[in-house]
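Asks: To be precise about what I am sending: the file is called data_17.pdb and holds PDB, C-alpha atoms and all ligand atoms.
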```pdb
ATOM      1  CA  MET A   1     -71.368  87.637 -39.338  1.00  0.00           C
ATOM      2  CA  LEU A   2     -70.965  85.965 -36.017  1.00  0.00           C
ATOM      3  CA  ASP A   3     -72.155  86.015 -32.447  1.00  0.00           C
ATOM      4  CA  LEU A   4     -69.627  86.449 -29.659  1.00  0.00           C
ATOM      5  CA  LYS A   5     -70.569  85.283 -26.171  1.00  0.00           C
ATOM      6  CA  PRO A   6     -68.352  85.944 -23.166  1.00  0.00           C
ATOM      7  CA  THR A   7     -67.656  83.157 -20.673  1.00  0.00           C
ATOM      8  CA  SER A   8     -66.858  83.391 -16.962  1.00  0.00           C
ATOM      9  CA  LEU A   9     -63.163  83.869 -17.872  1.00  0.00           C
ATOM     10  CA  GLU A  10     -62.197  87.119 -19.528  1.00  0.00           C
ATOM     11  CA  GLY A  11     -60.813  86.538 -23.025  1.00  0.00           C
ATOM     12  CA  VAL A  12     -62.281  83.060 -23.395  1.00  0.00           C
ATOM     13  CA  VAL A  13     -65.243  83.488 -25.730  1.00  0.00           C
ATOM     14  CA  GLU A  14     -67.779  81.314 -27.464  1.00  0.00           C
ATOM     15  CA  ILE A  15     -68.225  82.201 -31.112  1.00  0.00           C
ATOM     16  CA  VAL A  16     -71.190  81.189 -33.208  1.00  0.00           C
ATOM     17  CA  PRO A  17     -70.744  81.810 -36.932  1.00  0.00           C
ATOM     18  CA  ARG A  18     -73.809  82.337 -39.058  1.00  0.00           C
ATOM     19  CA  LYS A  19     -75.038  79.241 -40.875  1.00  0.00           C
ATOM     20  CA  PHE A  20     -77.183  79.389 -43.991  1.00  0.00           C
ATOM     21  CA  ASP A  21     -79.328  76.301 -44.442  1.00  0.00           C
ATOM     22  CA  ASP A  22     -81.022  75.634 -47.761  1.00  0.00           C
ATOM     23  CA  GLU A  23     -82.373  72.698 -49.737  1.00  0.00           C
ATOM     24  CA  ARG A  24     -78.825  71.679 -50.747  1.00  0.00           C
ATOM     25  CA  GLY A  25     -77.436  71.649 -47.242  1.00  0.00           C
ATOM     26  CA  PHE A  26     -75.673  74.607 -45.589  1.00  0.00           C
ATOM     27  CA  PHE A  27     -73.027  77.272 -46.022  1.00  0.00           C
ATOM     28  CA  SER A  28     -71.040  78.971 -43.277  1.00  0.00           C
ATOM     29  CA  GLU A  29     -67.992  81.221 -42.988  1.00  0.00           C
ATOM     30  CA  THR A  30     -66.291  79.315 -40.213  1.00  0.00           C
ATOM     31  CA  TYR A  31     -63.460  81.834 -39.916  1.00  0.00           C
ATOM     32  CA  SER A  32     -63.253  85.483 -40.904  1.00  0.00           C
ATOM     33  CA  ALA A  33     -60.362  87.626 -39.627  1.00  0.00           C
ATOM     34  CA  GLN A  34     -62.444  90.694 -40.468  1.00  0.00           C
ATOM     35  CA  ALA A  35     -65.543  89.577 -38.569  1.00  0.00           C
ATOM     36  CA  LEU A  36     -63.426  88.728 -35.510  1.00  0.00           C
ATOM     37  CA  ALA A  37     -61.562  92.061 -35.727  1.00  0.00           C
ATOM     38  CA  GLU A  38     -64.945  93.827 -35.641  1.00  0.00           C
ATOM     39  CA  HIS A  39     -65.356  92.224 -32.209  1.00  0.00           C
ATOM     40  CA  GLY A  40     -61.867  93.267 -31.083  1.00  0.00           C
ATOM     41  CA  VAL A  41     -60.235  89.879 -31.720  1.00  0.00           C
ATOM     42  CA  ASP A  42     -57.083  90.485 -33.742  1.00  0.00           C
ATOM     43  CA  LEU A  43     -55.148  87.261 -34.154  1.00  0.00           C
ATOM     44  CA  VAL A  44     -52.999  85.788 -36.883  1.00  0.00           C
ATOM     45  CA  PHE A  45     -53.511  82.045 -37.184  1.00  0.00           C
ATOM     46  CA  ARG A  46     -50.611  80.048 -38.629  1.00  0.00           C
ATOM     47  CA  GLN A  47     -51.609  76.401 -38.409  1.00  0.00           C
ATOM     48  CA  ASP A  48     -54.805  74.369 -38.732  1.00  0.00           C
ATOM     49  CA  ASN A  49     -55.168  71.155 -36.738  1.00  0.00           C
ATOM     50  CA  HIS A  50     -57.631  68.313 -37.144  1.00  0.00           C
ATOM     51  CA  SER A  51     -58.010  65.458 -34.669  1.00  0.00           C
ATOM     52  CA  TYR A  52     -60.254  62.411 -34.816  1.00  0.00           C
ATOM     53  CA  SER A  53     -61.192  60.419 -31.737  1.00  0.00           C
ATOM     54  CA  GLU A  54     -62.641  56.975 -32.235  1.00  0.00           C
ATOM     55  CA  VAL A  55     -64.697  56.664 -29.075  1.00  0.00           C
ATOM     56  CA  SER A  56     -66.498  58.789 -26.565  1.00  0.00           C
ATOM     57  CA  GLY A  57     -64.341  59.536 -23.492  1.00  0.00           C
ATOM     58  CA  VAL A  58     -61.092  60.329 -25.314  1.00  0.00           C
ATOM     59  CA  LEU A  59     -59.543  63.133 -23.253  1.00  0.00           C
ATOM     60  CA  ARG A  60     -56.786  65.327 -24.698  1.00  0.00           C
ATOM     61  CA  GLY A  61     -55.245  67.913 -22.405  1.00  0.00           C
ATOM     62  CA  LEU A  62     -54.632  70.093 -20.637  1.00  0.00           C
ATOM     63  CA  HIS A  63     -52.192  71.428 -23.218  1.00  0.00           C
ATOM     64  CA  TYR A  64     -50.322  74.639 -23.955  1.00  0.00           C
ATOM     65  CA  GLN A  65     -47.078  75.849 -25.483  1.00  0.00           C
ATOM     66  CA  LEU A  66     -44.778  78.094 -23.496  1.00  0.00           C
ATOM     67  CA  GLN A  67     -43.581  81.489 -24.696  1.00  0.00           C
ATOM     68  CA  PRO A  68     -42.203  82.416 -27.145  1.00  0.00           C
ATOM     69  CA  ARG A  69     -44.218  79.709 -28.960  1.00  0.00           C
ATOM     70  CA  ALA A  70     -47.513  80.197 -27.125  1.00  0.00           C
ATOM     71  CA  GLN A  71     -50.693  79.559 -29.099  1.00  0.00           C
ATOM     72  CA  ALA A  72     -54.146  81.062 -29.038  1.00  0.00           C
ATOM     73  CA  LYS A  73     -56.641  78.479 -30.356  1.00  0.00           C
ATOM     74  CA  LEU A  74     -59.949  78.678 -32.179  1.00  0.00           C
ATOM     75  CA  VAL A  75     -61.672  75.340 -31.707  1.00  0.00           C
ATOM     76  CA  ARG A  76     -64.661  73.843 -33.488  1.00  0.00           C
ATOM     77  CA  VAL A  77     -66.176  70.417 -34.064  1.00  0.00           C
ATOM     78  CA  VAL A  78     -67.110  69.192 -37.532  1.00  0.00           C
ATOM     79  CA  ARG A  79     -68.503  65.835 -36.391  1.00  0.00           C
ATOM     80  CA  GLY A  80     -69.722  64.817 -32.951  1.00  0.00           C
ATOM     81  CA  ARG A  81     -69.463  66.675 -29.638  1.00  0.00           C
ATOM     82  CA  ILE A  82     -66.862  67.610 -27.054  1.00  0.00           C
ATOM     83  CA  PHE A  83     -66.750  69.127 -23.573  1.00  0.00           C
ATOM     84  CA  ASP A  84     -64.111  71.789 -24.163  1.00  0.00           C
ATOM     85  CA  VAL A  85     -62.144  73.391 -21.330  1.00  0.00           C
ATOM     86  CA  ALA A  86     -59.842  76.391 -20.881  1.00  0.00           C
ATOM     87  CA  VAL A  87     -57.871  76.983 -17.662  1.00  0.00           C
ATOM     88  CA  ASP A  88     -56.193  80.258 -16.724  1.00  0.00           C
ATOM     89  CA  ILE A  89     -52.514  79.465 -16.057  1.00  0.00           C
ATOM     90  CA  ARG A  90     -51.156  83.035 -15.792  1.00  0.00           C
ATOM     91  CA  ARG A  91     -49.147  83.690 -12.624  1.00  0.00           C
ATOM     92  CA  GLY A  92     -50.596  86.790 -10.951  1.00  0.00           C
ATOM     93  CA  SER A  93     -53.960  86.534 -12.708  1.00  0.00           C
ATOM     94  CA  PRO A  94     -57.003  87.064 -10.475  1.00  0.00           C
ATOM     95  CA  THR A  95     -58.484  83.966 -12.122  1.00  0.00           C
ATOM     96  CA  LEU A  96     -55.348  81.748 -11.978  1.00  0.00           C
ATOM     97  CA  GLY A  97     -56.409  78.090 -11.837  1.00  0.00           C
ATOM     98  CA  LYS A  98     -60.030  78.843 -12.730  1.00  0.00           C
ATOM     99  CA  TRP A  99     -61.590  76.887 -15.577  1.00  0.00           C
ATOM    100  CA  VAL A 100     -64.461  77.242 -17.984  1.00  0.00           C
ATOM    101  CA  GLY A 101     -66.036  74.351 -19.874  1.00  0.00           C
ATOM    102  CA  LEU A 102     -68.711  74.160 -22.514  1.00  0.00           C
ATOM    103  CA  GLU A 103     -70.100  71.810 -25.088  1.00  0.00           C
ATOM    104  CA  ILE A 104     -68.815  72.459 -28.592  1.00  0.00           C
ATOM    105  CA  SER A 105     -70.517  70.455 -31.316  1.00  0.00           C
ATOM    106  CA  ALA A 106     -71.186  70.114 -35.004  1.00  0.00           C
ATOM    107  CA  GLU A 107     -74.866  70.508 -34.179  1.00  0.00           C
ATOM    108  CA  LYS A 108     -74.472  73.754 -32.211  1.00  0.00           C
ATOM    109  CA  TRP A 109     -71.950  75.039 -34.773  1.00  0.00           C
ATOM    110  CA  ASN A 110     -70.176  76.944 -32.020  1.00  0.00           C
ATOM    111  CA  GLN A 111     -66.462  77.572 -31.476  1.00  0.00           C
ATOM    112  CA  LEU A 112     -64.277  78.316 -28.465  1.00  0.00           C
ATOM    113  CA  LEU A 113     -61.548  80.942 -28.533  1.00  0.00           C
ATOM    114  CA  VAL A 114     -58.783  80.040 -26.079  1.00  0.00           C
ATOM    115  CA  PRO A 115     -56.298  82.895 -25.666  1.00  0.00           C
ATOM    116  CA  VAL A 116     -52.569  82.682 -24.904  1.00  0.00           C
ATOM    117  CA  GLY A 117     -52.103  82.123 -21.170  1.00  0.00           C
ATOM    118  CA  PHE A 118     -54.681  79.342 -20.945  1.00  0.00           C
ATOM    119  CA  ALA A 119     -54.300  75.567 -20.993  1.00  0.00           C
ATOM    120  CA  HIS A 120     -56.765  73.745 -23.230  1.00  0.00           C
ATOM    121  CA  GLY A 121     -58.308  70.288 -23.167  1.00  0.00           C
ATOM    122  CA  PHE A 122     -61.379  68.397 -24.241  1.00  0.00           C
ATOM    123  CA  VAL A 123     -63.143  65.093 -23.868  1.00  0.00           C
ATOM    124  CA  THR A 124     -65.214  63.562 -26.653  1.00  0.00           C
ATOM    125  CA  LEU A 125     -68.890  63.049 -25.895  1.00  0.00           C
ATOM    126  CA  GLU A 126     -69.601  60.928 -28.977  1.00  0.00           C
ATOM    127  CA  PRO A 127     -67.721  58.294 -30.974  1.00  0.00           C
ATOM    128  CA  ALA A 128     -66.028  59.439 -34.203  1.00  0.00           C
ATOM    129  CA  THR A 129     -65.667  63.048 -33.088  1.00  0.00           C
ATOM    130  CA  GLU A 130     -63.577  65.353 -35.242  1.00  0.00           C
ATOM    131  CA  VAL A 131     -62.132  68.574 -33.840  1.00  0.00           C
ATOM    132  CA  VAL A 132     -60.704  71.231 -36.138  1.00  0.00           C
ATOM    133  CA  TYR A 133     -58.819  74.183 -34.722  1.00  0.00           C
ATOM    134  CA  LYS A 134     -56.647  77.057 -35.736  1.00  0.00           C
ATOM    135  CA  VAL A 135     -53.553  78.029 -33.724  1.00  0.00           C
ATOM    136  CA  THR A 136     -51.474  81.214 -33.797  1.00  0.00           C
ATOM    137  CA  ASP A 137     -48.044  79.557 -33.731  1.00  0.00           C
ATOM    138  CA  TYR A 138     -46.475  76.406 -35.111  1.00  0.00           C
ATOM    139  CA  TYR A 139     -46.137  73.216 -33.124  1.00  0.00           C
ATOM    140  CA  SER A 140     -42.991  73.199 -31.031  1.00  0.00           C
ATOM    141  CA  PRO A 141     -42.417  69.983 -29.047  1.00  0.00           C
ATOM    142  CA  GLU A 142     -39.801  71.741 -26.830  1.00  0.00           C
ATOM    143  CA  HIS A 143     -42.419  74.259 -25.703  1.00  0.00           C
ATOM    144  CA  ASP A 144     -45.323  71.812 -25.526  1.00  0.00           C
ATOM    145  CA  ARG A 145     -46.608  71.148 -21.988  1.00  0.00           C
ATOM    146  CA  SER A 146     -49.402  69.169 -20.344  1.00  0.00           C
ATOM    147  CA  ILE A 147     -51.116  69.716 -16.986  1.00  0.00           C
ATOM    148  CA  ARG A 148     -53.089  66.963 -15.266  1.00  0.00           C
ATOM    149  CA  PHE A 149     -56.730  67.027 -16.393  1.00  0.00           C
ATOM    150  CA  ASP A 150     -57.811  65.821 -12.945  1.00  0.00           C
ATOM    151  CA  ASP A 151     -55.662  68.119 -10.801  1.00  0.00           C
ATOM    152  CA  PRO A 152     -57.833  68.666  -7.703  1.00  0.00           C
ATOM    153  CA  GLN A 153     -56.436  72.194  -7.377  1.00  0.00           C
ATOM    154  CA  ILE A 154     -58.218  73.030 -10.642  1.00  0.00           C
ATOM    155  CA  GLY A 155     -61.224  70.771 -10.044  1.00  0.00           C
ATOM    156  CA  ILE A 156     -62.683  70.523 -13.534  1.00  0.00           C
ATOM    157  CA  ALA A 157     -66.152  68.925 -13.539  1.00  0.00           C
ATOM    158  CA  TRP A 158     -65.484  66.565 -16.458  1.00  0.00           C
ATOM    159  CA  PRO A 159     -68.563  64.619 -17.597  1.00  0.00           C
ATOM    160  CA  PHE A 160     -66.557  61.367 -17.104  1.00  0.00           C
ATOM    161  CA  THR A 161     -64.712  59.965 -14.105  1.00  0.00           C
ATOM    162  CA  ALA A 162     -60.923  59.587 -14.376  1.00  0.00           C
ATOM    163  CA  ASP A 163     -61.147  55.785 -14.767  1.00  0.00           C
ATOM    164  CA  MET A 164     -63.472  56.148 -17.774  1.00  0.00           C
ATOM    165  CA  VAL A 165     -61.304  58.367 -19.963  1.00  0.00           C
ATOM    166  CA  GLN A 166     -58.744  57.385 -22.593  1.00  0.00           C
ATOM    167  CA  LEU A 167     -55.488  59.372 -22.311  1.00  0.00           C
ATOM    168  CA  SER A 168     -52.187  59.567 -24.197  1.00  0.00           C
ATOM    169  CA  PRO A 169     -49.070  58.470 -22.252  1.00  0.00           C
ATOM    170  CA  LYS A 170     -48.010  62.143 -22.130  1.00  0.00           C
ATOM    171  CA  ASP A 171     -51.295  63.185 -20.520  1.00  0.00           C
ATOM    172  CA  ARG A 172     -51.195  60.257 -18.085  1.00  0.00           C
ATOM    173  CA  ASP A 173     -47.809  61.545 -16.829  1.00  0.00           C
ATOM    174  CA  ALA A 174     -48.759  65.244 -16.814  1.00  0.00           C
ATOM    175  CA  LEU A 175     -47.801  67.543 -13.941  1.00  0.00           C
ATOM    176  CA  PRO A 176     -50.206  69.246 -11.559  1.00  0.00           C
ATOM    177  CA  LEU A 177     -50.678  72.992 -11.915  1.00  0.00           C
ATOM    178  CA  ALA A 178     -48.488  73.624  -8.845  1.00  0.00           C
ATOM    179  CA  ALA A 179     -45.476  72.046 -10.599  1.00  0.00           C
ATOM    180  CA  ALA A 180     -46.128  73.413 -14.094  1.00  0.00           C
ATOM    181  CA  ASP A 181     -44.350  76.198 -15.993  1.00  0.00           C
ATOM    182  CA  LEU A 182     -46.826  79.077 -16.094  1.00  0.00           C
ATOM    183  CA  PHE A 183     -47.332  82.257 -18.093  1.00  0.00           C
ATOM    184  CA  ASP A 184     -47.003  85.744 -16.666  1.00  0.00           C
ATOM    185  CA  PHE A 185     -50.255  87.668 -16.327  1.00  0.00           C
ATOM    186  CA  ASP A 186     -49.098  90.407 -18.718  1.00  0.00           C
ATOM    187  CA  THR A 187     -48.355  87.992 -21.601  1.00  0.00           C
TER
HETATM  188  C1  LIG B   1     -50.249  69.151 -31.423  1.00  0.00           C
HETATM  189  C2  LIG B   1     -49.412  68.595 -32.575  1.00  0.00           C
HETATM  190  C3  LIG B   1     -49.017  67.269 -32.570  1.00  0.00           C
HETATM  191  N1  LIG B   1     -48.250  66.771 -33.568  1.00  0.00           N
HETATM  192  C4  LIG B   1     -47.872  65.345 -33.524  1.00  0.00           C
HETATM  193  C5  LIG B   1     -47.053  64.950 -32.304  1.00  0.00           C
HETATM  194  C6  LIG B   1     -47.533  63.557 -31.982  1.00  0.00           C
HETATM  195  O1  LIG B   1     -46.758  62.605 -32.658  1.00  0.00           O
HETATM  196  C7  LIG B   1     -48.950  63.479 -32.534  1.00  0.00           C
HETATM  197  C8  LIG B   1     -50.029  63.587 -31.458  1.00  0.00           C
HETATM  198  O2  LIG B   1     -49.744  64.725 -30.663  1.00  0.00           O
HETATM  199  P1  LIG B   1     -50.477  64.991 -29.281  1.00  0.00           P
HETATM  200  O3  LIG B   1     -50.557  63.727 -28.513  1.00  0.00           O
HETATM  201  O4  LIG B   1     -49.817  66.169 -28.625  1.00  0.00           O
HETATM  202  O5  LIG B   1     -51.945  65.395 -29.796  1.00  0.00           O
HETATM  203  P2  LIG B   1     -53.173  65.950 -28.926  1.00  0.00           P
HETATM  204  O6  LIG B   1     -53.171  65.266 -27.606  1.00  0.00           O
HETATM  205  O7  LIG B   1     -54.378  65.884 -29.756  1.00  0.00           O
HETATM  206  O8  LIG B   1     -52.724  67.458 -28.688  1.00  0.00           O
HETATM  207  C9  LIG B   1     -53.594  68.526 -28.888  1.00  0.00           C
HETATM  208  O9  LIG B   1     -54.507  68.569 -27.789  1.00  0.00           O
HETATM  209  C10 LIG B   1     -55.401  69.659 -27.762  1.00  0.00           C
HETATM  210  C11 LIG B   1     -56.201  69.585 -26.477  1.00  0.00           C
HETATM  211  C12 LIG B   1     -54.738  70.980 -27.975  1.00  0.00           C
HETATM  212  O10 LIG B   1     -55.097  72.010 -27.383  1.00  0.00           O
HETATM  213  C13 LIG B   1     -53.694  71.002 -29.037  1.00  0.00           C
HETATM  214  O11 LIG B   1     -52.967  72.226 -29.009  1.00  0.00           O
HETATM  215  C14 LIG B   1     -52.770  69.836 -28.959  1.00  0.00           C
HETATM  216  O12 LIG B   1     -51.950  69.952 -27.796  1.00  0.00           O
HETATM  217  O13 LIG B   1     -49.076  64.583 -33.451  1.00  0.00           O
HETATM  218  C15 LIG B   1     -47.838  67.552 -34.609  1.00  0.00           C
HETATM  219  O14 LIG B   1     -47.120  67.093 -35.551  1.00  0.00           O
HETATM  220  N2  LIG B   1     -48.238  68.871 -34.652  1.00  0.00           N
HETATM  221  C16 LIG B   1     -49.009  69.426 -33.648  1.00  0.00           C
HETATM  222  O15 LIG B   1     -49.360  70.639 -33.732  1.00  0.00           O
END
```
Before we go any further, please render this structure as structure tokens.
Replies:
Amino acid sequence: MLDLKPTSLEGVVEIVPRKFDDERGFFSETYSAQALAEHGVDLVFRQDNHSYSEVSGVLRGLHYQLQPRAQAKLVRVVRGRIFDVAVDIRRGSPTLGKWVGLEISAEKWNQLLVPVGFAHGFVTLEPATEVVYKVTDYYSPEHDRSIRFDDPQIGIAWPFTADMVQLSPKDRDALPLAAADLFDFDT
């Protein structure tokens, strides 16, 4: 049982799994292929990822893998909070370059589904934040790409200014959208 909420970008959806609280704590099915299929989401996930960020303001992104190793992602937070972002990077898409961002947290128990064709990134809003996400293909460094998180052409309203965030060297050297390898709209 889960709730599916559309966002302003078609295909990017917020998912809220049911959570059963009781005197011991809670129980929740955090992923059910069947429950997602009932909502028309038919994906095969092949890898689970878990990242830990020590401080608030750690920004990872905007990342994607090119075809044929593209990944859809199902993102959740088991500790702390993030501002999670998906950007449409499909050439020919009516929403090319548009972004959607929302808070994903352990407290809200929500998830973000980022389809193939979108770049993904997040910034931590609390220290010791742990993000756990499923991806539909294996990591492939040759296909791995990063787009600048602060590309003015995209204009993401991050909750931190660029001088406040902590980036990896790869993300510091990322290309703007205009210079990036994109997807085709029909992929
Ligand atoms: C992403 C990834 C990284 N690694 C390794 C490579 C590197 O040595 C180390 C850290 O990698 P990165 O700096 O790319 O990690 P990170 O910046 O956390 O990358 C992640 O960011 C978020 C926003 C995403 O959407 C993910 O798909 C992924 O790109 O982990 C793997 O072994 N498997 C993987 O799937």
Asks: Leaving out segment 12-28 of chain A and any residue of its chain fewer than 4 positions from it, which residues lie within 8 Å of it when counting all atoms listed in the file, given as a PDB file with C-alpha atoms, in the coordinates of the input?
Replies:
```pdb
ATOM      1  CA  MET A   1     -71.368  87.637 -39.338  1.00  0.00           C
ATOM      2  CA  LEU A   2     -70.965  85.965 -36.017  1.00  0.00           C
ATOM      3  CA  ASP A   3     -72.155  86.015 -32.447  1.00  0.00           C
ATOM      4  CA  LEU A   4     -69.627  86.449 -29.659  1.00  0.00           C
ATOM      5  CA  LYS A   5     -70.569  85.283 -26.171  1.00  0.00           C
ATOM      6  CA  PRO A   6     -68.352  85.944 -23.166  1.00  0.00           C
ATOM      7  CA  THR A   7     -67.656  83.157 -20.673  1.00  0.00           C
ATOM      8  CA  SER A   8     -66.858  83.391 -16.962  1.00  0.00           C
ATOM      9  CA  ALA A  86     -59.842  76.391 -20.881  1.00  0.00           C
ATOM     10  CA  TRP A 109     -71.950  75.039 -34.773  1.00  0.00           C
ATOM     11  CA  ASN A 110     -70.176  76.944 -32.020  1.00  0.00           C
ATOM     12  CA  GLN A 111     -66.462  77.572 -31.476  1.00  0.00           C
ATOM     13  CA  LEU A 112     -64.277  78.316 -28.465  1.00  0.00           C
ATOM     14  CA  LEU A 113     -61.548  80.942 -28.533  1.00  0.00           C
ATOM     15  CA  VAL A 114     -58.783  80.040 -26.079  1.00  0.00           C
ATOM     16  CA  PRO A 115     -56.298  82.895 -25.666  1.00  0.00           C
TER      17      PRO A 115
END
```
Asks: So which one's closest to ligand LIG 1 (chain B), A:Pro176, A:Pro68, A:Gly97, A:Gly121? Using all atoms listed in the file, please.
Replies: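 For ligand LIG 1 (chain B), the nearest of the given residues is A:Gly121.
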Asks: So which residues are near ligand LIG 1 (chain B), meaning at most 7 Å away with only C-alpha atoms and all ligand atoms counted, given back as a list in words?
Replies: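 Within the 7 Å cut-off, the matching residues are Asn49, Ser51, Arg60, Gly61, Leu62, His63, Tyr64, His120, Gly121, Phe122, Tyr138, Tyr139 and Ser168 of chain A.
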Asks: Would you give the centre and edge lengths, in Å to one decimal, of a box along x, y and z around the listed atoms of segment 51-60 of chain A, with 8 Å added to each side, as lines of an AutoDock Vina configuration file?
Replies:
```
center_x = -61.6
center_y = 61.1
center_z = -29.0
size_x = 25.7
size_y = 24.8
size_z = 27.6
```
Asks: Do you know which residues lie at most 12 Å from (-43.6, 74.3, -29.1), with coordinates as in the file and all atoms listed in the file counted, and could you write them as a PDB file with C-alpha atoms, in the coordinates of the input?
Replies:
```pdb
ATOM      1  CA  HIS A  63     -52.192  71.428 -23.218  1.00  0.00           C
ATOM      2  CA  TYR A  64     -50.322  74.639 -23.955  1.00  0.00           C
ATOM      3  CA  GLN A  65     -47.078  75.849 -25.483  1.00  0.00           C
ATOM      4  CA  LEU A  66     -44.778  78.094 -23.496  1.00  0.00           C
ATOM      5  CA  GLN A  67     -43.581  81.489 -24.696  1.00  0.00           C
ATOM      6  CA  PRO A  68     -42.203  82.416 -27.145  1.00  0.00           C
ATOM      7  CA  ARG A  69     -44.218  79.709 -28.960  1.00  0.00           C
ATOM      8  CA  ALA A  70     -47.513  80.197 -27.125  1.00  0.00           C
ATOM      9  CA  GLN A  71     -50.693  79.559 -29.099  1.00  0.00           C
ATOM     10  CA  VAL A 135     -53.553  78.029 -33.724  1.00  0.00           C
ATOM     11  CA  THR A 136     -51.474  81.214 -33.797  1.00  0.00           C
ATOM     12  CA  ASP A 137     -48.044  79.557 -33.731  1.00  0.00           C
ATOM     13  CA  TYR A 138     -46.475  76.406 -35.111  1.00  0.00           C
ATOM     14  CA  TYR A 139     -46.137  73.216 -33.124  1.00  0.00           C
ATOM     15  CA  SER A 140     -42.991  73.199 -31.031  1.00  0.00           C
ATOM     16  CA  PRO A 141     -42.417  69.983 -29.047  1.00  0.00           C
ATOM     17  CA  GLU A 142     -39.801  71.741 -26.830  1.00  0.00           C
ATOM     18  CA  HIS A 143     -42.419  74.259 -25.703  1.00  0.00           C
ATOM     19  CA  ASP A 144     -45.323  71.812 -25.526  1.00  0.00           C
ATOM     20  CA  ARG A 145     -46.608  71.148 -21.988  1.00  0.00           C
ATOM     21  CA  SER A 146     -49.402  69.169 -20.344  1.00  0.00           C
TER      22      SER A 146
END
```
Asks: Can you work out the spacing between atom CA of Asp151 of chain A and atom CA of Glu10 of chain A in Å, to one decimal?
Replies: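 We find that atom CA of Asp151 of chain A and atom CA of Glu10 of chain A lie 21.9 Å from each other.
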